[in-house]
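Asks: I am sharing coords-v4.cif, which consists of mmCIF, C-alpha atoms:
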```cif
data_work
loop_
_atom_site.group_PDB
_atom_site.id
_atom_site.type_symbol
_atom_site.label_atom_id
_atom_site.label_comp_id
_atom_site.auth_asym_id
_atom_site.auth_seq_id
_atom_site.Cartn_x
_atom_site.Cartn_y
_atom_site.Cartn_z
ATOM 1 C CA MET G 210 17.836 -56.084 20.769
ATOM 2 C CA LEU G 211 19.644 -54.625 17.787
ATOM 3 C CA HIS G 212 22.882 -53.964 19.703
ATOM 4 C CA GLU G 213 23.031 -57.557 20.964
ATOM 5 C CA ASP G 214 22.489 -58.867 17.432
ATOM 6 C CA LEU G 215 25.248 -56.624 16.128
ATOM 7 C CA MET G 216 27.695 -57.789 18.777
ATOM 8 C CA LEU G 217 26.964 -61.414 17.931
ATOM 9 C CA LEU G 218 27.592 -60.735 14.241
ATOM 10 C CA CYS G 219 31.015 -59.345 15.121
ATOM 11 C CA ILE G 220 32.147 -62.396 17.095
ATOM 12 C CA ASN G 221 34.156 -65.120 15.392
ATOM 13 C CA GLN G 222 32.456 -68.300 16.560
ATOM 14 C CA GLN G 223 35.612 -70.358 16.005
ATOM 15 C CA ASN G 224 37.908 -68.523 18.407
ATOM 16 C CA GLY G 225 35.749 -65.990 20.244
ATOM 17 C CA ARG G 226 37.651 -63.019 18.851
ATOM 18 C CA MET G 227 36.195 -60.012 17.076
ATOM 19 C CA LEU G 228 35.840 -59.909 13.315
ATOM 20 C CA ALA G 229 36.066 -56.110 13.215
ATOM 21 C CA ASN G 230 38.223 -53.650 15.130
ATOM 22 C CA SER G 231 37.012 -52.362 18.473
ATOM 23 C CA THR G 232 36.485 -48.776 17.311
ATOM 24 C CA SER G 233 34.199 -49.902 14.493
ATOM 25 C CA VAL G 234 32.241 -52.168 16.820
ATOM 26 C CA ASP G 235 31.910 -49.421 19.460
ATOM 27 C CA ASN G 236 30.471 -46.938 16.968
ATOM 28 C CA ALA G 237 28.135 -49.451 15.352
ATOM 29 C CA LEU G 238 26.856 -50.573 18.768
ATOM 30 C CA ALA G 239 26.127 -46.960 19.700
ATOM 31 C CA GLY G 240 24.202 -46.540 16.463
ATOM 32 C CA ALA G 241 22.180 -49.659 17.226
ATOM 33 C CA VAL G 242 21.288 -48.349 20.687
ATOM 34 C CA LEU G 243 20.193 -45.005 19.254
ATOM 35 C CA ILE G 244 17.925 -46.760 16.765
ATOM 36 C CA GLU G 245 16.422 -48.779 19.620
ATOM 37 C CA LEU G 246 15.804 -45.568 21.584
ATOM 38 C CA VAL G 247 14.100 -43.948 18.612
ATOM 39 C CA ASN G 248 11.978 -47.047 18.059
ATOM 40 C CA SER G 249 11.024 -47.041 21.751
ATOM 41 C CA GLY G 250 9.704 -43.504 21.460
ATOM 42 C CA ARG G 251 12.018 -42.200 24.194
ATOM 43 C CA VAL G 252 14.277 -40.266 21.838
ATOM 44 C CA ALA G 253 13.392 -38.463 18.630
ATOM 45 C CA PHE G 254 14.858 -36.040 16.153
ATOM 46 C CA GLU G 255 13.911 -32.388 16.264
ATOM 47 C CA PRO G 256 11.491 -31.293 13.498
ATOM 48 C CA ASN G 257 14.428 -30.077 11.394
ATOM 49 C CA GLY G 258 16.064 -33.489 11.740
ATOM 50 C CA LYS G 259 19.362 -32.086 12.969
ATOM 51 C CA LYS G 260 19.464 -33.115 16.632
ATOM 52 C CA LEU G 261 18.295 -35.974 18.836
ATOM 53 C CA GLN G 262 16.488 -35.198 22.056
ATOM 54 C CA VAL G 263 14.622 -37.025 24.814
ATOM 55 C CA VAL G 264 10.878 -36.744 24.244
ATOM 56 C CA ASP G 265 9.697 -39.306 26.791
ATOM 57 C CA PRO G 266 11.660 -39.437 30.077
ATOM 58 C CA SER G 267 9.681 -42.336 31.544
ATOM 59 C CA PRO G 268 11.950 -45.167 32.785
ATOM 60 C CA LEU G 269 12.832 -48.099 30.547
ATOM 61 C CA ASN G 270 12.916 -51.678 31.806
ATOM 62 C CA ASP G 271 16.226 -52.239 30.024
ATOM 63 C CA ARG G 272 19.142 -50.901 32.103
ATOM 64 C CA LEU G 273 21.437 -50.453 29.108
ATOM 65 C CA LEU G 274 18.901 -48.365 27.206
ATOM 66 C CA GLN G 275 18.052 -46.389 30.333
ATOM 67 C CA GLU G 276 21.712 -45.548 30.855
ATOM 68 C CA ALA G 277 21.937 -44.437 27.230
ATOM 69 C CA VAL G 278 18.962 -42.099 27.695
ATOM 70 C CA SER G 279 20.701 -40.572 30.718
ATOM 71 C CA ARG G 280 23.542 -39.419 28.437
ATOM 72 C CA PHE G 281 21.175 -36.941 26.777
ATOM 73 C CA ASP G 282 21.572 -33.876 28.953
ATOM 74 C CA LYS G 283 20.582 -31.691 25.989
ATOM 75 C CA PRO G 284 19.656 -32.083 22.296
ATOM 76 C CA MET G 285 22.669 -33.226 20.298
ATOM 77 C CA ARG G 286 23.634 -34.119 16.765
ATOM 78 C CA ALA G 287 23.824 -37.783 15.825
ATOM 79 C CA GLN G 288 27.633 -37.867 15.858
ATOM 80 C CA ARG G 289 27.769 -36.424 19.360
ATOM 81 C CA ALA G 290 25.074 -38.859 20.499
ATOM 82 C CA VAL G 291 27.111 -41.780 19.157
ATOM 83 C CA GLU G 292 30.196 -40.536 20.980
ATOM 84 C CA ARG G 293 28.298 -40.150 24.254
ATOM 85 C CA VAL G 294 26.399 -43.441 24.091
ATOM 86 C CA ARG G 295 29.364 -45.621 23.138
ATOM 87 C CA LYS G 296 31.161 -45.066 26.477
ATOM 88 C CA LYS G 297 31.304 -48.393 28.360
ATOM 89 C CA LEU G 298 28.740 -49.734 25.886
ATOM 90 C CA TRP G 299 30.836 -52.720 24.793
ATOM 91 C CA ASP G 300 31.075 -54.107 28.323
ATOM 92 C CA ASN G 301 27.389 -53.464 28.985
ATOM 93 C CA VAL G 302 26.270 -55.285 25.835
ATOM 94 C CA VAL G 303 28.541 -58.222 26.635
ATOM 95 C CA ALA G 304 27.158 -58.312 30.180
ATOM 96 C CA GLN G 305 23.626 -58.602 28.808
ATOM 97 C CA LEU G 306 24.650 -61.437 26.510
ATOM 98 C CA VAL G 307 26.354 -63.196 29.413
ATOM 99 C CA ASP G 308 23.243 -62.774 31.578
ATOM 100 C CA ARG G 309 21.146 -64.292 28.807
ATOM 101 C CA GLY G 310 23.517 -67.261 28.544
ATOM 102 C CA VAL G 311 24.452 -66.452 24.962
ATOM 103 C CA VAL G 312 28.126 -65.623 25.504
ATOM 104 C CA ARG G 313 30.835 -66.593 27.980
ATOM 105 C CA VAL G 314 33.844 -64.329 28.499
ATOM 106 C CA GLN G 315 37.226 -66.019 28.734
ATOM 107 C CA PRO G 316 40.424 -64.126 29.607
ATOM 108 C CA ARG G 317 43.402 -64.600 27.303
ATOM 109 C CA LYS G 318 46.730 -62.943 26.607
ATOM 110 C CA VAL G 319 48.077 -61.454 23.410
ATOM 111 C CA LEU G 320 51.684 -62.454 22.740
ATOM 112 C CA GLY G 321 51.579 -64.108 26.139
ATOM 113 C CA ILE G 322 51.720 -60.700 27.831
ATOM 114 C CA PHE G 323 48.841 -58.333 27.138
ATOM 115 C CA PRO G 324 45.456 -59.160 28.709
ATOM 116 C CA ALA G 325 42.521 -59.596 26.342
ATOM 117 C CA LYS G 326 39.211 -61.425 26.194
ATOM 118 C CA SER G 327 37.545 -64.043 24.057
ATOM 119 C CA TYR G 328 33.773 -64.149 23.698
ATOM 120 C CA LEU G 329 32.713 -67.757 23.429
ATOM 121 C CA ILE G 330 29.272 -68.514 22.026
ATOM 122 C CA THR G 331 27.255 -70.633 24.462
ATOM 123 C CA ASP G 332 23.851 -70.348 22.747
ATOM 124 C CA GLU G 333 24.474 -71.483 19.197
ATOM 125 C CA ARG G 334 20.801 -71.200 18.258
ATOM 126 C CA ALA G 335 20.718 -67.465 19.061
ATOM 127 C CA TYR G 336 24.012 -66.917 17.269
ATOM 128 C CA ASP G 337 23.030 -68.914 14.189
ATOM 129 C CA GLU G 338 19.651 -67.190 13.929
ATOM 130 C CA VAL G 339 21.013 -63.678 13.668
ATOM 131 C CA ARG G 340 23.935 -64.677 11.456
ATOM 132 C CA LYS G 341 21.641 -66.571 9.063
ATOM 133 C CA ALA G 342 19.113 -63.733 8.876
ATOM 134 C CA ALA G 343 21.669 -60.985 8.265
ATOM 135 C CA GLY G 344 23.991 -63.171 6.182
ATOM 136 C CA GLU G 345 21.289 -64.066 3.675
ATOM 137 C CA VAL G 346 20.529 -60.390 3.181
ATOM 138 C CA ALA G 347 24.207 -59.441 2.891
ATOM 139 C CA ALA G 348 24.665 -62.174 0.277
ATOM 140 C CA GLY G 349 21.648 -60.993 -1.701
ATOM 141 C CA TYR G 350 19.557 -64.119 -1.132
ATOM 142 C CA ARG G 351 16.635 -62.103 0.239
ATOM 143 C CA GLY G 352 15.645 -58.529 0.856
ATOM 144 C CA PRO G 353 16.198 -56.649 4.120
ATOM 145 C CA ASP G 354 13.618 -55.915 6.795
ATOM 146 C CA GLU G 355 13.933 -53.287 9.538
ATOM 147 C CA ARG G 356 16.146 -55.522 11.656
ATOM 148 C CA THR G 357 18.553 -56.856 9.036
ATOM 149 C CA GLY G 358 18.543 -53.614 7.087
ATOM 150 C CA SER G 359 19.556 -51.679 10.195
ATOM 151 C CA LEU G 360 22.305 -54.166 11.066
ATOM 152 C CA ILE G 361 23.883 -54.115 7.620
ATOM 153 C CA THR G 362 23.550 -50.332 7.351
ATOM 154 C CA LEU G 363 25.412 -49.908 10.649
ATOM 155 C CA LEU G 364 28.157 -52.319 9.603
ATOM 156 C CA TYR G 365 28.456 -50.501 6.282
ATOM 157 C CA ALA G 366 28.754 -47.184 8.132
ATOM 158 C CA VAL G 367 31.921 -48.411 9.875
ATOM 159 C CA ASN G 368 33.285 -50.272 6.821
ATOM 160 C CA ALA G 369 32.993 -53.673 8.495
ATOM 161 C CA VAL G 370 30.613 -55.616 6.243
ATOM 162 C CA HIS G 371 33.404 -57.517 4.479
ATOM 163 C CA HIS G 372 34.965 -58.418 7.832
ATOM 164 C CA VAL G 373 31.736 -59.795 9.280
ATOM 165 C CA PHE G 374 30.407 -61.714 6.258
ATOM 166 C CA GLU G 375 32.187 -64.073 3.892
ATOM 167 C CA GLY G 376 32.247 -63.340 0.187
ATOM 168 C CA ASP G 377 33.773 -61.033 -2.379
ATOM 169 C CA LYS G 378 34.682 -57.762 -0.664
ATOM 170 C CA ARG G 379 33.611 -55.552 -3.555
ATOM 171 C CA GLU G 380 30.262 -57.281 -3.991
ATOM 172 C CA LEU G 381 29.523 -57.267 -0.264
ATOM 173 C CA LYS G 382 30.238 -53.552 0.004
ATOM 174 C CA LYS G 383 28.151 -52.784 -3.085
ATOM 175 C CA ARG G 384 25.146 -54.705 -1.763
ATOM 176 C CA ALA G 385 25.539 -53.111 1.662
ATOM 177 C CA LYS G 386 25.633 -49.664 0.062
ATOM 178 C CA ASP G 387 22.448 -50.445 -1.860
ATOM 179 C CA ILE G 388 20.784 -51.756 1.305
ATOM 180 C CA SER G 389 21.759 -48.658 3.286
ATOM 181 C CA ALA G 390 20.045 -46.521 0.639
ATOM 182 C CA GLY G 391 17.013 -48.794 0.274
ATOM 183 C CA HIS G 392 13.378 -48.461 1.331
ATOM 184 C CA TRP G 393 13.001 -51.415 3.678
ATOM 185 C CA ALA G 394 11.553 -49.471 6.614
ATOM 186 C CA GLY G 395 8.756 -47.029 7.290
ATOM 187 C CA ASP G 396 9.442 -43.331 6.887
ATOM 188 C CA ALA G 397 10.037 -42.606 10.584
ATOM 189 C CA VAL G 398 12.437 -45.521 11.053
ATOM 190 C CA ARG G 399 14.132 -44.810 7.746
ATOM 191 C CA ARG G 400 14.818 -41.176 8.688
ATOM 192 C CA ALA G 401 16.189 -42.283 12.047
ATOM 193 C CA VAL G 402 18.456 -44.914 10.512
ATOM 194 C CA GLU G 403 19.770 -42.454 7.914
ATOM 195 C CA ALA G 404 20.566 -39.835 10.548
ATOM 196 C CA VAL G 405 22.166 -42.372 12.888
ATOM 197 C CA GLN G 406 24.137 -43.834 9.982
ATOM 198 C CA GLY G 407 25.541 -40.383 9.273
ATOM 199 C CA GLY G 408 26.446 -39.949 12.925
ATOM 200 C CA VAL G 409 28.144 -43.336 13.099
ATOM 201 C CA THR G 410 30.140 -42.640 9.925
ATOM 202 C CA ALA G 411 31.236 -39.229 11.222
ATOM 203 C CA ALA G 412 32.194 -40.642 14.630
ATOM 204 C CA ALA G 413 34.184 -43.440 12.993
ATOM 205 C CA SER G 414 36.009 -40.957 10.735
ATOM 206 C CA ALA G 415 36.797 -38.712 13.694
ATOM 207 C CA ALA G 416 38.161 -41.664 15.676
ATOM 208 C CA ALA G 417 40.288 -42.802 12.745
ATOM 209 C CA SER G 418 41.781 -39.313 12.341
ATOM 210 C CA GLY G 419 42.446 -39.012 16.065
ATOM 211 C CA GLU G 420 40.105 -36.063 16.606
#
```
In structure tokens, how does this file's structure come out?
Replies:
Amino acid sequence: MLHEDLMLLCINQQNGRMLANSTSVDNALAGAVLIELVNSGRVAFEPNGKKLQVVDPSPLNDRLLQEAVSRFDKPMRAQRAVERVRKKLWDNVVAQLVDRGVVRVQPRKVLGIFPAKSYLITDERAYDEVRKAAGEVAAGYRGPDERTGSLITLLYAVNAVHHVFEGDKRELKKRAKDISAGHWAGDAVRRAVEAVQGGVTAAASAAASGE
């Protein structure tokens, strides 16, 4: 799942901490879930492309995606959908990774006082696979496909590409910008990713400004 891949990309394998701030990760995860819902055929954009709505209410086998669908009580713009879907999403994605045996959560304290968590990678093969696939695209070694293109576009939308991947910040951001504007997906997926990207960017800007 795209949201699980994105979470793995944001984990520092060395210490189990996050490579990007929590707000950025929350918004990017919500964008990933929305793309999955569009790809599943459960959610689609209205003909004018302005709002997302449920077009197939049949149950999904995935509890996380099903919960996300339940947040759509009416058609809503991509930014609003991101804001609705991201609630409790972090914990739910981590829970799925824990259930799959990919991640183990370890409590820790910041400054010896404030409770926090580390996310320790327990399935290095799964972690290495997604990081290699997305990292090669981010570095320009190969072109994006729907999966890696979506991941990098979402990270670019929250200004986190240079935090997640090693390399020159300016070059990474330039390549990510080019990828986000590229033609690596079919028309339907491309339109969905573009709209979700806009929603993620708007939600991230609103969060940063305290709106």
Asks: When the PyMOL selection byres ((chain G and resi 288-304) around 6) is applied to the structure above, which residues does it catch, written out as a PyMOL selection string?
Replies: chain G and resi 235+239+277+286-287+305-307+408+412
Asks: Let me see the file: selected residues, C-alpha atoms, as an mmCIF file, in the frame of the given file.
Replies:
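File written: out-v6.cif
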```
data_model
loop_
_atom_site.group_PDB
_atom_site.id
_atom_site.type_symbol
_atom_site.label_atom_id
_atom_site.label_comp_id
_atom_site.auth_asym_id
_atom_site.auth_seq_id
_atom_site.Cartn_x
_atom_site.Cartn_y
_atom_site.Cartn_z
ATOM 1 C CA ASP G 235 31.910 -49.421 19.460
ATOM 2 C CA ALA G 239 26.127 -46.960 19.700
ATOM 3 C CA ALA G 277 21.937 -44.437 27.230
ATOM 4 C CA ARG G 286 23.634 -34.119 16.765
ATOM 5 C CA ALA G 287 23.824 -37.783 15.825
ATOM 6 C CA GLN G 305 23.626 -58.602 28.808
ATOM 7 C CA LEU G 306 24.650 -61.437 26.510
ATOM 8 C CA VAL G 307 26.354 -63.196 29.413
ATOM 9 C CA GLY G 408 26.446 -39.949 12.925
ATOM 10 C CA ALA G 412 32.194 -40.642 14.630
#
```
Asks: To test your reading of the syntax: which residues would the PyMOL selection byres ((chain G and resi 261) around 8) return for the file shown? Reply as a PyMOL selection string.
Replies: chain G and resi 252-255+258-260+262-263+284-287+290
Asks: With only C-alpha atoms as the atoms that count, which of G:Gly225, G:Gly240, G:Pro268, G:Gly310 lies nearest to Leu364 of chain G?
Replies: G:Gly240
Asks: Rank G:Val311, G:Pro324, G:Met210, G:Ser231 by their smallest atom-to-atom distance to Asp271 of chain G, using only C-alpha atoms, and report the top residue only.
Replies: G:Met210
Asks: Between atom CA of Gln275 of chain G and atom CA of Pro353 of chain G, what is the distance, to one decimal in Å?
Replies: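 For atom CA of Gln275 of chain G relative to atom CA of Pro353 of chain G, the distance reads 28.2 Å.
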Asks: What does the distance between atom CA of Val373 of chain G and atom CA of Cys219 of chain G come to in Å, to one decimal place?
Replies: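 Straight-line distance from atom CA of Val373 of chain G to atom CA of Cys219 of chain G works out to 5.9 Å.
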Asks: Excluding segment 340-342 of chain G and its own-chain neighbours fewer than 2 positions away, which residues fall within 12 Å of it when counting all atoms listed in the file? Please give them as JSON, numbers by chain.
Replies: {"G": [213, 214, 215, 216, 217, 218, 219, 220, 221, 222, 333, 334, 335, 336, 337, 338, 344, 345, 346, 347, 348, 349, 350, 351, 352, 353, 354, 355, 356, 357, 358, 360, 361, 373, 374, 375]}
Asks: Quick one: apply the PyMOL selection byres ((chain G and resi 249) around 12) to the file and drop the selected residues here as an MDAnalysis selection string.
Replies: chainID G and resid 210 242:248 250:253 263:271 274:275 278 398 401
Asks: What gap, in Å, lies between atom CA of Lys383 of chain G and atom CA of Ala415 of chain G?
Replies: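 Computed distance, atom CA of Lys383 of chain G to atom CA of Ala415 of chain G, equals 23.5 Å.
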Asks: Report the centre and edge lengths, in Å to one decimal, of an axis-aligned box enclosing every atom of segment 249-260 of chain G listed in the file, padded by 3 Å on each side, as AutoDock Vina command-line options.
Replies:
```
--center_x 14.6 --center_y -38.6 --center_z 17.8 --size_x 15.8 --size_y 23.0 --size_z 18.8
```
